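Heads up, query13.cif below (mmCIF, C-alpha atoms and all ligand atoms):
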```cif
data_structure
loop_
_atom_site.label_atom_id
_atom_site.label_comp_id
_atom_site.auth_asym_id
_atom_site.auth_seq_id
_atom_site.Cartn_x
_atom_site.Cartn_y
_atom_site.Cartn_z
CA MET V 178 110.43 117.89 111.12
CA PRO V 179 107.34 119.33 112.81
CA PHE V 180 108.57 122.24 114.96
CA GLY V 181 105.34 122.65 116.94
CA LEU V 182 106.48 120.53 119.85
CA LEU V 183 109.86 122.29 120.09
CA LYS V 184 108.25 125.74 120.04
CA TYR V 185 105.73 124.61 122.63
CA GLY V 186 108.45 123.23 124.91
CA LEU V 187 110.62 126.38 124.71
CA SER V 188 107.84 128.91 125.09
CA LYS V 189 107.30 130.53 128.51
CA GLU V 190 103.60 130.96 127.90
CA TYR V 191 102.83 127.57 126.48
CA PRO V 192 100.60 129.01 123.80
CA ALA V 193 99.18 125.73 122.60
CA ARG V 194 97.34 125.94 119.30
CA ARG V 195 93.80 124.73 119.52
CA GLN V 196 93.86 121.03 118.63
CA PHE V 197 90.27 120.69 117.49
CA PRO V 198 88.21 123.21 115.60
CA ALA V 199 85.75 125.18 117.71
CA SER V 200 82.16 125.02 116.55
CA SER V 201 80.97 127.83 114.31
CA GLU V 202 77.54 129.37 113.91
CA MET V 203 75.80 127.58 111.02
CA LYS V 204 75.01 129.98 108.16
CA ASP V 205 72.05 129.48 105.84
CA ARG V 206 74.28 129.56 102.74
CA TYR V 207 77.79 128.47 101.79
CA ASP V 208 79.59 128.48 98.46
CA VAL V 209 80.65 124.88 99.07
CA VAL V 210 79.11 122.25 101.34
CA ILE V 211 81.12 119.11 102.02
CA ILE V 212 79.04 116.19 103.25
CA GLY V 213 81.23 114.04 105.49
CA GLY V 214 83.74 115.15 108.13
CA GLY V 215 86.16 112.27 107.66
CA GLY V 216 89.69 112.56 106.34
CA HIS V 217 88.61 113.02 102.71
CA GLY V 218 86.05 115.76 103.38
CA LEU V 219 88.36 117.61 105.74
CA ALA V 220 91.26 117.36 103.30
CA ALA V 221 89.11 118.78 100.49
CA ALA V 222 88.10 121.67 102.77
CA TYR V 223 91.73 122.29 103.71
CA TYR V 224 92.99 122.43 100.11
CA LEU V 225 90.02 124.53 98.99
CA ALA V 226 90.97 127.11 101.60
CA LYS V 227 94.74 126.83 101.40
CA VAL V 228 95.38 126.37 97.69
CA HIS V 229 92.35 128.03 96.11
CA GLY V 230 91.41 130.68 98.70
CA ILE V 231 87.84 129.31 98.85
CA THR V 232 86.84 129.62 102.49
CA ASP V 233 83.06 129.97 102.39
CA VAL V 234 82.91 126.24 103.02
CA ALA V 235 80.96 124.10 105.49
CA VAL V 236 81.89 120.53 106.40
CA LEU V 237 78.86 118.63 107.70
CA GLU V 238 79.47 115.56 109.84
CA LYS V 239 76.61 113.52 111.24
CA GLY V 240 78.70 112.18 114.17
CA TRP V 241 81.99 113.54 115.38
CA LEU V 242 85.02 114.34 113.25
CA ALA V 243 86.63 111.31 111.62
CA SER V 244 84.29 108.91 113.41
CA GLY V 245 83.59 106.83 110.31
CA ASN V 246 86.07 104.90 108.19
CA THR V 247 88.88 107.37 108.95
CA ALA V 248 88.97 105.91 112.46
CA ARG V 249 88.23 102.37 111.32
CA ASN V 250 91.05 101.42 109.01
CA THR V 251 94.54 100.08 109.57
CA ALA V 252 96.39 103.21 108.43
CA ILE V 253 98.46 101.66 105.63
CA VAL V 254 99.89 103.92 102.93
CA ARG V 255 101.20 102.46 99.66
CA SER V 256 101.10 102.93 95.90
CA ASN V 257 101.89 99.41 94.62
CA TYR V 258 98.70 99.17 92.58
CA LEU V 259 98.00 97.15 89.47
CA THR V 260 96.60 99.64 86.99
CA PRO V 261 98.73 102.57 85.74
CA GLU V 262 95.85 104.91 86.66
CA GLY V 263 95.85 103.58 90.24
CA VAL V 264 99.65 103.73 90.55
CA HIS V 265 99.78 107.39 89.38
CA PHE V 266 97.01 108.37 91.74
CA TYR V 267 98.33 106.66 94.90
CA ASP V 268 101.91 107.69 94.15
CA GLU V 269 100.83 111.32 94.43
CA SER V 270 99.18 110.46 97.74
CA VAL V 271 102.34 108.84 99.13
CA LYS V 272 104.34 111.97 98.19
CA LEU V 273 101.83 114.22 99.94
CA PHE V 274 101.79 111.96 103.02
CA GLU V 275 105.58 112.11 103.30
CA ASP V 276 105.45 115.86 103.96
CA LEU V 277 102.17 116.06 105.87
CA SER V 278 103.68 116.42 109.37
CA ASN V 279 105.64 119.46 108.14
CA GLU V 280 102.66 120.84 106.32
CA PHE V 281 100.48 120.64 109.47
CA ASP V 282 103.30 121.34 111.96
CA PHE V 283 101.71 118.37 113.70
CA ASN V 284 103.17 114.89 113.91
CA ILE V 285 101.06 112.33 112.05
CA LEU V 286 103.56 109.60 113.04
CA TYR V 287 104.32 108.76 109.43
CA SER V 288 106.60 105.75 109.49
CA LYS V 289 108.07 104.26 106.32
CA ARG V 290 108.29 100.50 106.82
CA GLY V 291 108.34 98.78 103.46
CA HIS V 292 105.38 96.63 102.38
CA LEU V 293 105.59 92.90 101.62
CA THR V 294 102.81 91.18 99.70
CA LEU V 295 103.57 87.50 100.10
CA ALA V 296 102.97 85.06 97.24
CA HIS V 297 102.18 81.45 98.15
CA THR V 298 101.04 80.27 94.72
CA ASP V 299 102.17 80.58 91.11
CA ALA V 300 99.17 82.76 90.37
CA ALA V 301 100.06 85.14 93.21
CA LEU V 302 103.67 85.26 91.98
CA ARG V 303 102.45 86.19 88.51
CA THR V 304 100.29 89.03 89.85
CA ALA V 305 103.20 90.24 92.01
CA ARG V 306 105.48 90.29 88.97
CA TRP V 307 102.85 92.15 86.96
CA ARG V 308 102.42 94.78 89.68
CA ALA V 309 106.20 95.13 90.05
CA GLU V 310 106.59 95.79 86.32
CA VAL V 311 103.75 98.35 86.16
CA ASN V 312 105.11 100.08 89.30
CA LYS V 313 108.70 100.22 88.05
CA HIS V 314 107.58 101.51 84.69
CA LEU V 315 105.90 104.43 86.46
CA GLY V 316 108.81 105.16 88.80
CA VAL V 317 107.36 103.49 91.90
CA ARG V 318 109.78 101.35 93.92
CA SER V 319 108.33 97.83 93.92
CA ARG V 320 110.05 94.61 92.95
CA LEU V 321 109.59 90.88 93.08
CA ILE V 322 111.79 89.23 95.70
CA TYR V 323 112.42 85.62 96.70
CA PRO V 324 112.64 83.71 100.00
CA ASP V 325 116.26 84.60 100.90
CA GLU V 326 115.62 88.32 100.67
CA ILE V 327 112.20 88.02 102.33
CA ALA V 328 113.87 86.33 105.30
CA GLU V 329 116.40 89.18 105.49
CA ILE V 330 113.72 91.87 105.42
CA CYS V 331 111.43 90.07 107.86
CA PRO V 332 113.38 87.43 109.83
CA GLN V 333 110.35 86.68 112.03
CA LEU V 334 108.33 85.13 109.17
CA ASN V 335 107.95 81.39 109.08
CA MET V 336 109.83 80.57 105.86
CA SER V 337 109.57 76.80 106.27
CA ARG V 338 108.70 74.85 103.09
CA ASP V 339 107.02 72.28 105.27
CA VAL V 340 103.77 74.20 105.82
CA ARG V 341 100.35 74.37 104.21
CA LEU V 342 101.19 77.46 102.13
CA PRO V 343 104.96 78.03 101.84
CA ILE V 344 106.13 81.52 100.89
CA LEU V 345 107.40 81.44 97.28
CA GLY V 346 108.14 85.13 96.78
CA ALA V 347 106.80 88.59 97.52
CA LEU V 348 106.13 91.99 96.02
CA TYR V 349 108.36 94.33 98.01
CA HIS V 350 107.28 97.98 97.99
CA GLU V 351 109.82 100.13 99.81
CA PRO V 352 107.68 103.28 100.22
CA GLY V 353 104.95 101.35 102.12
CA ALA V 354 104.21 103.19 105.37
CA ILE V 355 101.84 103.61 108.27
CA ALA V 356 100.54 106.81 109.86
CA ARG V 357 98.35 107.95 112.73
CA HIS V 358 94.96 108.09 111.05
CA ASP V 359 93.31 110.43 113.57
CA GLY V 360 96.29 112.76 113.29
CA VAL V 361 95.72 113.08 109.56
CA ALA V 362 92.09 114.07 110.07
CA TRP V 363 92.90 116.46 112.94
CA GLY V 364 95.67 118.12 110.94
CA TYR V 365 93.35 118.76 108.02
CA ALA V 366 90.50 119.86 110.31
CA ARG V 367 92.67 122.34 112.18
CA GLY V 368 94.22 123.72 109.00
CA ALA V 369 90.81 124.16 107.37
CA PHE V 370 89.28 125.74 110.47
CA GLU V 371 92.17 128.18 110.91
CA ARG V 372 91.59 129.35 107.32
CA GLY V 373 87.90 130.06 107.91
CA VAL V 374 86.12 126.81 107.04
CA HIS V 375 83.08 126.03 109.22
CA ILE V 376 82.96 122.52 110.62
CA HIS V 377 79.59 121.33 111.89
CA GLN V 378 79.52 118.08 113.83
CA GLN V 379 76.27 116.32 114.81
CA THR V 380 74.83 117.64 111.55
CA GLU V 381 73.19 114.98 109.43
CA VAL V 382 72.16 115.57 105.84
CA THR V 383 68.55 114.45 105.39
CA GLY V 384 67.76 115.76 101.92
CA ILE V 385 69.35 117.32 98.85
CA GLU V 386 67.57 119.90 96.71
CA THR V 387 68.17 120.57 93.05
CA ASP V 388 67.04 123.28 90.70
CA ASN V 389 67.13 122.61 86.95
CA GLY V 390 69.42 119.61 87.46
CA LYS V 391 71.84 121.61 89.62
CA VAL V 392 72.33 121.24 93.37
CA SER V 393 70.85 124.20 95.25
CA ALA V 394 70.56 123.27 98.93
CA VAL V 395 71.02 120.53 101.49
CA GLN V 396 68.55 119.81 104.26
CA THR V 397 69.98 118.83 107.63
CA ASN V 398 68.72 117.93 111.09
CA ARG V 399 69.74 121.50 112.02
CA GLY V 400 68.09 123.31 109.15
CA ARG V 401 68.40 124.02 105.44
CA ILE V 402 71.62 125.29 103.85
CA LYS V 403 71.69 126.82 100.37
CA CYS V 404 74.88 126.10 98.47
CA GLY V 405 76.66 126.57 95.16
CA GLN V 406 78.49 123.25 95.09
CA VAL V 407 78.58 120.02 97.08
CA ILE V 408 81.25 117.37 97.61
CA GLN V 409 79.88 114.06 98.87
CA ALA V 410 82.56 112.21 100.88
CA VAL V 411 80.71 109.75 103.11
CA ALA V 412 82.51 106.41 102.89
CA GLY V 413 80.29 103.58 104.10
CA MET V 414 77.07 105.49 103.33
CA SER V 415 77.79 106.61 99.77
CA SER V 416 74.81 104.91 98.07
CA GLU V 417 72.35 106.19 100.67
CA VAL V 418 73.46 109.81 100.39
CA ALA V 419 73.62 109.64 96.58
CA ARG V 420 70.05 108.37 96.66
CA LEU V 421 69.06 111.61 98.45
CA ALA V 422 70.54 113.48 95.49
CA GLY V 423 68.52 111.32 93.10
CA PHE V 424 71.11 109.04 91.50
CA LYS V 425 72.38 105.49 91.97
CA LEU V 426 75.92 104.33 92.64
CA PRO V 427 77.22 100.89 91.60
CA ILE V 428 78.34 100.10 95.12
CA ARG V 429 77.88 97.22 97.60
CA SER V 430 78.59 98.07 101.24
CA ILE V 431 80.37 95.34 103.18
CA PRO V 432 81.82 95.25 106.70
CA LEU V 433 85.59 95.06 107.05
CA GLN V 434 86.96 94.18 110.47
CA ALA V 435 90.31 94.69 112.12
CA CYS V 436 91.90 94.38 115.55
CA VAL V 437 95.00 95.22 117.58
CA SER V 438 97.08 93.17 119.98
CA GLU V 439 98.46 94.24 123.31
CA PRO V 440 101.54 96.46 122.82
CA VAL V 441 104.87 94.66 122.72
CA LYS V 442 108.47 95.66 122.08
CA ARG V 443 109.07 96.49 118.42
CA PHE V 444 109.93 93.37 116.43
CA LEU V 445 108.16 93.82 113.10
CA ASP V 446 109.44 96.41 110.68
CA PRO V 447 107.63 95.84 107.38
CA ILE V 448 103.92 95.71 106.76
CA VAL V 449 103.17 92.08 105.84
CA VAL V 450 100.25 91.04 103.64
CA SER V 451 99.20 87.59 102.53
CA GLY V 452 96.34 87.39 100.07
CA SER V 453 96.16 83.60 100.23
CA LEU V 454 96.10 83.54 104.02
CA HIS V 455 93.84 86.62 104.20
CA VAL V 456 96.05 88.44 106.70
CA TYR V 457 97.71 91.81 106.85
CA VAL V 458 99.70 93.01 109.83
CA SER V 459 101.92 95.90 110.85
CA GLN V 460 103.30 97.06 114.19
CA SER V 461 102.24 100.53 115.27
CA SER V 462 104.50 103.09 116.90
CA ARG V 463 102.90 102.09 120.22
CA GLY V 464 103.93 98.47 119.72
CA GLU V 465 100.49 97.03 118.98
CA LEU V 466 100.10 94.65 116.08
CA VAL V 467 97.44 96.12 113.80
CA MET V 468 95.77 93.30 111.90
CA GLY V 469 92.96 92.49 109.54
CA GLY V 470 91.75 90.01 106.98
CA SER V 471 89.01 89.54 104.40
CA VAL V 472 85.85 91.57 104.19
CA ASP V 473 82.81 89.94 105.80
CA PRO V 474 80.87 87.67 103.41
CA TYR V 475 77.63 89.72 103.44
CA THR V 476 76.46 93.24 102.64
CA LEU V 477 75.54 95.23 105.74
CA TYR V 478 75.49 98.81 106.98
CA GLN V 479 76.72 97.82 110.41
CA ALA V 480 80.30 97.63 111.57
CA ARG V 481 80.11 94.66 113.93
CA SER V 482 83.03 92.82 115.49
CA THR V 483 82.67 89.05 115.39
CA LEU V 484 84.39 86.16 117.12
CA ASP V 485 84.42 84.32 113.80
CA PHE V 486 86.62 87.02 112.28
CA LYS V 487 89.04 86.99 115.20
CA GLU V 488 89.37 83.21 115.29
CA GLY V 489 89.92 82.94 111.55
CA LEU V 490 92.45 85.76 111.49
CA MET V 491 94.45 84.41 114.42
CA GLY V 492 94.66 80.96 112.84
CA HIS V 493 96.09 82.48 109.67
CA LEU V 494 98.39 84.88 111.48
CA LEU V 495 99.95 82.00 113.40
CA GLU V 496 100.79 80.24 110.14
CA LEU V 497 103.04 83.21 109.36
CA PHE V 498 104.27 84.00 112.90
CA PRO V 499 103.85 80.86 115.06
CA PHE V 500 105.70 82.43 118.01
CA LEU V 501 102.81 84.88 118.57
CA SER V 502 100.53 82.20 120.00
CA GLN V 503 100.51 83.74 123.49
CA MET V 504 99.89 87.29 122.35
CA LYS V 505 96.59 88.82 123.44
CA VAL V 506 94.14 90.68 121.24
CA LEU V 507 93.28 93.99 122.89
CA ARG V 508 90.39 95.32 120.85
CA GLN V 509 88.42 94.81 117.63
CA TRP V 510 86.44 97.11 115.39
CA GLY V 511 84.75 97.21 112.01
CA GLY V 512 84.08 99.70 109.24
CA VAL V 513 81.84 99.60 106.19
CA ALA V 514 83.63 99.37 102.84
CA ASP V 515 81.83 100.73 99.75
CA MET V 516 82.91 98.35 96.97
CA THR V 517 82.58 99.14 93.27
CA PRO V 518 82.44 96.37 90.63
CA ASP V 519 86.03 97.06 89.50
CA PHE V 520 87.50 97.77 92.97
CA ALA V 521 88.53 101.28 91.97
CA PRO V 522 87.02 104.45 93.48
CA VAL V 523 84.61 106.92 91.96
CA MET V 524 85.56 110.61 91.81
CA GLY V 525 84.26 113.56 89.85
CA GLU V 526 80.98 114.41 88.15
CA THR V 527 77.55 113.00 88.92
CA PRO V 528 74.23 113.32 87.08
CA VAL V 529 73.54 116.35 89.32
CA LYS V 530 75.43 119.45 88.23
CA ASN V 531 77.86 120.91 90.80
CA TYR V 532 77.38 117.82 92.99
CA TRP V 533 80.76 116.09 93.07
CA ILE V 534 81.34 112.56 94.28
CA ASP V 535 84.19 110.97 96.25
CA ALA V 536 83.18 107.35 96.92
CA GLY V 537 83.72 103.65 96.30
CA TRP V 538 86.97 103.31 98.24
CA GLY V 539 86.43 99.70 99.23
CA THR V 540 89.40 98.83 101.41
CA TRP V 541 91.77 101.66 100.47
CA GLY V 542 90.26 104.99 101.40
CA PHE V 543 92.73 106.11 104.07
CA LYS V 544 95.78 106.00 101.84
CA ALA V 545 94.03 108.25 99.29
CA THR V 546 93.15 110.99 101.79
CA PRO V 547 95.66 113.70 100.74
CA VAL V 548 95.49 113.20 96.99
CA CYS V 549 91.74 112.85 96.89
CA GLY V 550 91.24 115.95 99.05
CA LYS V 551 93.67 117.97 96.97
CA ARG V 552 92.27 116.92 93.61
CA MET V 553 88.62 117.18 94.64
CA ALA V 554 89.35 120.73 95.82
CA GLU V 555 90.89 121.45 92.41
CA THR V 556 87.78 120.01 90.75
CA VAL V 557 85.46 122.28 92.70
CA ALA V 558 87.65 125.35 92.29
CA SER V 559 88.07 124.97 88.53
CA GLY V 560 84.80 123.25 87.66
CA LYS V 561 86.88 120.69 85.72
CA VAL V 562 87.91 117.18 86.71
CA PRO V 563 91.74 116.98 86.65
CA GLU V 564 93.34 114.44 84.34
CA LEU V 565 94.51 112.36 87.33
CA LEU V 566 90.89 111.75 88.38
CA GLN V 567 89.30 111.28 84.97
CA PRO V 568 89.79 107.48 84.81
CA PHE V 569 87.73 107.21 88.00
CA ALA V 570 84.61 108.86 86.57
CA LEU V 571 81.25 107.43 87.57
CA ASP V 572 80.16 107.03 83.95
CA ARG V 573 83.02 104.61 83.22
CA PHE V 574 80.59 101.83 84.11
CA ASP V 575 78.25 102.98 81.30
CA ARG V 576 81.19 103.19 78.88
CA PHE V 577 82.48 99.68 79.83
CA GLU V 578 85.82 101.25 80.80
CA GLN V 579 86.34 99.63 84.15
CA LEU V 580 89.63 99.84 86.00
CA GLY V 581 90.17 96.27 87.26
CA GLU V 582 92.09 96.97 90.48
CA LYS V 583 91.13 93.81 92.40
CA GLY V 584 94.61 92.32 92.02
CA ALA V 585 96.03 95.12 94.19
CA ALA V 586 93.78 94.39 97.17
CA SER V 587 95.41 93.40 100.42
CA VAL V 588 92.36 91.51 101.58
CA GLY V 589 90.10 88.88 100.07
CA HIS V 590 86.74 89.98 98.68
O1 LIG U 1 94.97 98.50 100.94
O2 LIG U 1 96.69 98.17 102.21
C1 LIG U 1 95.49 98.11 102.00
C2 LIG U 1 94.60 97.58 103.01
C3 LIG U 1 94.91 96.89 104.11
C4 LIG U 1 93.73 96.62 104.74
C5 LIG U 1 92.72 97.12 104.04
N1 LIG U 1 93.26 97.72 102.98
#
```
Now that the file is in, can you turn its structure into structure tokens?
Amino acid sequence: MPFGLLKYGLSKEYPARRQFPASSEMKDRYDVVIIGGGGHGLAAAYYLAKVHGITDVAVLEKGWLASGNTARNTAIVRSNYLTPEGVHFYDESVKLFEDLSNEFDFNILYSKRGHLTLAHTDAALRTARWRAEVNKHLGVRSRLIYPDEIAEICPQLNMSRDVRLPILGALYHEPGAIARHDGVAWGYARGAFERGVHIHQQTEVTGIETDNGKVSAVQTNRGRIKCGQVIQAVAGMSSEVARLAGFKLPIRSIPLQACVSEPVKRFLDPIVVSGSLHVYVSQSSRGELVMGGSVDPYTLYQARSTLDFKEGLMGHLLELFPFLSQMKVLRQWGGVADMTPDFAPVMGETPVKNYWIDAGWGTWGFKATPVCGKRMAETVASGKVPELLQPFALDRFDRFEQLGEKGAASVGH
């Protein structure tokens, strides 16, 4: 339980801790520069300072903290992946998430809901069974369930057989959860700042300098910063920033949209996903339905909201929950998803020495925030990529050792 609120309420002086980091004077050299002040970059800074005692760190953010994909996702946390490498990795993230409010003494509104991936076809049932077996084998609670149990877990679902795509079964993943995404970023930012990390907002990286194949400095709109090591964590702009460092990433950047409804009394416990209907939906602690569907069918560096997306999504949502037809959509947004050819992320070494990459998250970056931050910090501190991250190396594409994680996607691609 986070005790911050209790202490605050009982104190006579109301000594509130600063919520957001104050700005620091920008130095002309740091041991570590982190490009990207989203959840991943901030988490890496936090663990560098907290676990490894490395505090001569600058986080550079071109906008404001967590203004990119950290603020533009639907805050789902799960580890029901398809590949053993993916399951191990996200399982560690779920475990870190479960204790994050305590760790920060700040409530990230982590809410365990259970996660249902509906199967409407034999092929979807087969993939669900496959995922369930891989998950169980690795100690992750996922199992294949059938209509009677689905109706018990989510009585609001339309279980009629007399519809276009009847529900035949589902992958049920009990640890599936949601969290307050901004809270995660703020918790990491505050923890990093309090340990001495400098956080520079409105600071855009415009160039990257190398010396003998090793990163030596970054150029920014506010001046040049010499550095020993760099972590690049700029979801949505990964290829562009890598290009500044002189290498290419196998990434396509595609908009992914989402929206929320007006808030209503809580009626939906689990997170519900349908790959065939291209819908995922959960109900936030505020009562809003948080919803999304497929990625947009074109590459683009712009996060636009479209009527086409909203109309398509609502049509599909009503196939699952027909009684929602009068519910109003409150707002829409988009993010830019960096997709790799195998739908798994890229973490670790790059062709530039001491320039570490954290990219290629496609549609699942938020749920990886704690584990990626923690393990990227370990990478920088030790100079070695931990075993957990090795399968996600950039050079796996040259070695033809792809990770094939598409079957674990919640949304169509
Ligand atoms: O991976 O759970 C997920 C997800 C939902 C929406 C986008 N990604």
Quiz prompt | Separation of CA of Ala300 in chain V from CA of Glu578 in chain V, in Å and rounded to one decimal | solution = 24.7 Å
Exercise. Please provide as a PyMOL selection string all residues within 12 Å of range 383-389 of chain V, with the sequence filter that same-chain residues fewer than 2 positions apart are discarded (counting only C-alpha atoms).
Key: chain V and resi 210+212+237-239+380-381+391-409+417-424+528-532
Quiz item: Which residues come within 9 Å of Gly360 in chain V, counting all atoms listed in the file, excluding same-chain residues fewer than 3 positions away, as a PyMOL selection string?
Solution: chain V and resi 283-286+356-357+363-365
Sorted per-residue table, chain V near ligand LIG 1 (chain U), closest atoms and distance, 7 Å, all atoms listed in the file, as JSON lines:
```
{"residue": "V:Asn250", "atom": "CA", "partner": "U:LIG1", "partner_atom": "C5", "distance": 6.8}
{"residue": "V:Thr251", "atom": "CA", "partner": "U:LIG1", "partner_atom": "C4", "distance": 6.0}
{"residue": "V:Ile253", "atom": "CA", "partner": "U:LIG1", "partner_atom": "O2", "distance": 5.2}
{"residue": "V:Val254", "atom": "CA", "partner": "U:LIG1", "partner_atom": "O2", "distance": 6.6}
{"residue": "V:Arg255", "atom": "CA", "partner": "U:LIG1", "partner_atom": "O2", "distance": 6.7}
{"residue": "V:Tyr457", "atom": "CA", "partner": "U:LIG1", "partner_atom": "C3", "distance": 6.4}
{"residue": "V:Gly469", "atom": "CA", "partner": "U:LIG1", "partner_atom": "C4", "distance": 6.4}
{"residue": "V:Thr540", "atom": "CA", "partner": "U:LIG1", "partner_atom": "N1", "distance": 4.3}
{"residue": "V:Trp541", "atom": "CA", "partner": "U:LIG1", "partner_atom": "O1", "distance": 4.5}
{"residue": "V:Ala586", "atom": "CA", "partner": "U:LIG1", "partner_atom": "O1", "distance": 5.7}
{"residue": "V:Ser587", "atom": "CA", "partner": "U:LIG1", "partner_atom": "C1", "distance": 5.0}
{"residue": "V:Val588", "atom": "CA", "partner": "U:LIG1", "partner_atom": "C5", "distance": 6.1}
```
Selection to disk with C-alpha atoms, as an mmCIF file, in the frame of the given file:
```
data_model
loop_
_atom_site.group_PDB
_atom_site.id
_atom_site.type_symbol
_atom_site.label_atom_id
_atom_site.label_comp_id
_atom_site.auth_asym_id
_atom_site.auth_seq_id
_atom_site.Cartn_x
_atom_site.Cartn_y
_atom_site.Cartn_z
ATOM 1 C CA ASN V 250 91.050 101.420 109.010
ATOM 2 C CA THR V 251 94.540 100.080 109.570
ATOM 3 C CA ILE V 253 98.460 101.660 105.630
ATOM 4 C CA VAL V 254 99.890 103.920 102.930
ATOM 5 C CA ARG V 255 101.200 102.460 99.660
ATOM 6 C CA TYR V 457 97.710 91.810 106.850
ATOM 7 C CA GLY V 469 92.960 92.490 109.540
ATOM 8 C CA THR V 540 89.400 98.830 101.410
ATOM 9 C CA TRP V 541 91.770 101.660 100.470
ATOM 10 C CA ALA V 586 93.780 94.390 97.170
ATOM 11 C CA SER V 587 95.410 93.400 100.420
ATOM 12 C CA VAL V 588 92.360 91.510 101.580
#
```
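Proximity to Asp359 in chain V was assessed for V:His455, V:Arg249, V:Arg308, V:Lys204 counting only C-alpha atoms; the smallest distance is recorded for V:Arg249.
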Mind dumping a table of every range 482-512 of chain V residue within 10 Å of range 432-448 of chain V, with the nearest atom pair and its distance in Å to one decimal, using only C-alpha atoms, sorted by chain and rising number, as JSON lines?
```
{"residue": "V:Ser482", "atom": "CA", "partner": "V:Gln434", "partner_atom": "CA", "distance": 6.5}
{"residue": "V:Thr483", "atom": "CA", "partner": "V:Gln434", "partner_atom": "CA", "distance": 8.3}
{"residue": "V:Phe486", "atom": "CA", "partner": "V:Gln434", "partner_atom": "CA", "distance": 7.4}
{"residue": "V:Lys487", "atom": "CA", "partner": "V:Cys436", "partner_atom": "CA", "distance": 7.9}
{"residue": "V:Leu490", "atom": "CA", "partner": "V:Ala435", "partner_atom": "CA", "distance": 9.2}
{"residue": "V:Met504", "atom": "CA", "partner": "V:Ser438", "partner_atom": "CA", "distance": 6.9}
{"residue": "V:Lys505", "atom": "CA", "partner": "V:Ser438", "partner_atom": "CA", "distance": 5.6}
{"residue": "V:Val506", "atom": "CA", "partner": "V:Ser438", "partner_atom": "CA", "distance": 4.1}
{"residue": "V:Leu507", "atom": "CA", "partner": "V:Ser438", "partner_atom": "CA", "distance": 4.9}
{"residue": "V:Arg508", "atom": "CA", "partner": "V:Cys436", "partner_atom": "CA", "distance": 5.6}
{"residue": "V:Gln509", "atom": "CA", "partner": "V:Cys436", "partner_atom": "CA", "distance": 4.1}
{"residue": "V:Trp510", "atom": "CA", "partner": "V:Ala435", "partner_atom": "CA", "distance": 5.6}
{"residue": "V:Gly511", "atom": "CA", "partner": "V:Gln434", "partner_atom": "CA", "distance": 4.1}
{"residue": "V:Gly512", "atom": "CA", "partner": "V:Leu433", "partner_atom": "CA", "distance": 5.3}
```
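Picture a line from CA of Ser451 in chain V to CA of Pro522 in chain V; it runs 22.7 Å.
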Self-check item: Counting all atoms listed in the file, the residue of V:Glu280, V:Glu262, V:Asp519, V:Glu310 that sits nearest Glu564 in chain V
Solution: V:Glu262
Some atoms are absent from range 231-242 of chain V, so rebuild N, CA and C atoms and return them as a short mmCIF file (atom, residue, chain, number, x, y, z; two decimals), in the frame of the given file.
```cif
data_model
loop_
_atom_site.label_atom_id
_atom_site.label_comp_id
_atom_site.auth_asym_id
_atom_site.auth_seq_id
_atom_site.Cartn_x
_atom_site.Cartn_y
_atom_site.Cartn_z
N ILE V 231 89.31 129.43 98.72
CA ILE V 231 87.84 129.31 98.85
C ILE V 231 87.55 128.92 100.30
N THR V 232 87.01 129.87 101.05
CA THR V 232 86.84 129.62 102.49
C THR V 232 85.37 129.64 102.93
N ASP V 233 84.47 129.99 102.01
CA ASP V 233 83.06 129.97 102.39
C ASP V 233 82.57 128.52 102.23
N VAL V 234 83.07 127.69 103.13
CA VAL V 234 82.91 126.24 103.02
C VAL V 234 82.39 125.70 104.35
N ALA V 235 81.42 124.79 104.28
CA ALA V 235 80.96 124.10 105.49
C ALA V 235 81.20 122.61 105.33
N VAL V 236 81.78 122.00 106.37
CA VAL V 236 81.89 120.53 106.40
C VAL V 236 80.81 120.04 107.36
N LEU V 237 79.95 119.15 106.87
CA LEU V 237 78.86 118.63 107.70
C LEU V 237 79.15 117.18 108.08
N GLU V 238 79.16 116.91 109.37
CA GLU V 238 79.47 115.56 109.84
C GLU V 238 78.34 115.09 110.76
N LYS V 239 77.78 113.94 110.45
CA LYS V 239 76.61 113.52 111.24
C LYS V 239 77.00 113.05 112.65
N GLY V 240 78.24 112.58 112.83
CA GLY V 240 78.70 112.18 114.17
C GLY V 240 79.73 113.18 114.67
N TRP V 241 80.88 112.66 115.03
CA TRP V 241 81.99 113.54 115.38
C TRP V 241 83.08 113.39 114.32
N LEU V 242 84.02 114.32 114.31
CA LEU V 242 85.02 114.34 113.25
C LEU V 242 85.74 113.01 113.13
#
```
